[in-house]
Amino acid sequence: MSRKLSPESWKQIAPGAAMVLLAGPVFLFMAMDITLFLIMSRTRGMTASTQIFDLSMEIVLCLFAGLVTAFGARKILRELRKK
């Protein structure tokens with residue numbers, strides 16, 4: 001069932017793989033950081049306004065990195081399903 005991929009297929013897969021390899025770890029790190037912040041904020045008490053601003057920026061960056069990762073994975077899967 002395995003087939004060899006043509007050089008054209010590899011050219012289509014390479015950008016998607018780069019997106020997944022670069023944005024994937026960023027997404028996982030940001031998601032873990034947000035989770036830890038939320039868990040620890042329950043025990044620390046009040047949250048400073050600067051921390052709220054940082055949290056909002058982290059959420060936006062996490063969403064963006066997640067979208068880039070998903071787009072790269074979708075690009076890879078689309079090319080592998082061809083033929």
# chains A, B, ... in the order shown; residues from 1 in each chain; ligands from 1

call {"tool": "residues_around", "arguments": {"residues": "Ala17 of chain A", "least_positions_apart": "5", "cutoff": "12 Å", "atoms": "only C-alpha atoms", "output": "PyMOL selection string"}}
result
chain A and resi 10-12+22-24+68-77+79

call {"tool": "residues_around", "arguments": {"residues": "segment 49-59 of chain A", "least_positions_apart": "6", "cutoff": "10 Å", "atoms": "only C-alpha atoms", "output": "number ranges by chain"}}
result
A: 27, 30-31, 33-34, 37-38, 65

call {"tool": "write_last_selection", "arguments": {"atoms": "C-alpha atoms", "output": "PDB file, in the first residue's frame"}}
result
ATOM      1  CA  PHE A  27       1.534  26.206  19.920  1.00  0.00           C
ATOM      2  CA  MET A  30       1.857  28.540  24.576  1.00  0.00           C
ATOM      3  CA  ALA A  31      -1.020  26.194  25.383  1.00  0.00           C
ATOM      4  CA  ASP A  33       1.890  28.228  29.513  1.00  0.00           C
ATOM      5  CA  ILE A  34      -1.732  29.400  29.417  1.00  0.00           C
ATOM      6  CA  PHE A  37      -1.102  30.389  34.328  1.00  0.00           C
ATOM      7  CA  LEU A  38      -4.766  29.555  34.813  1.00  0.00           C
ATOM      8  CA  ALA A  65       0.328  29.158  15.947  1.00  0.00           C
TER       9      ALA A  65
END

call {"tool": "closest_residue", "arguments": {"among": "A:Met40, A:Ile13, A:Leu5, A:Met19", "to": "Leu67 of chain A", "atoms": "only C-alpha atoms"}}
result
A:Met19
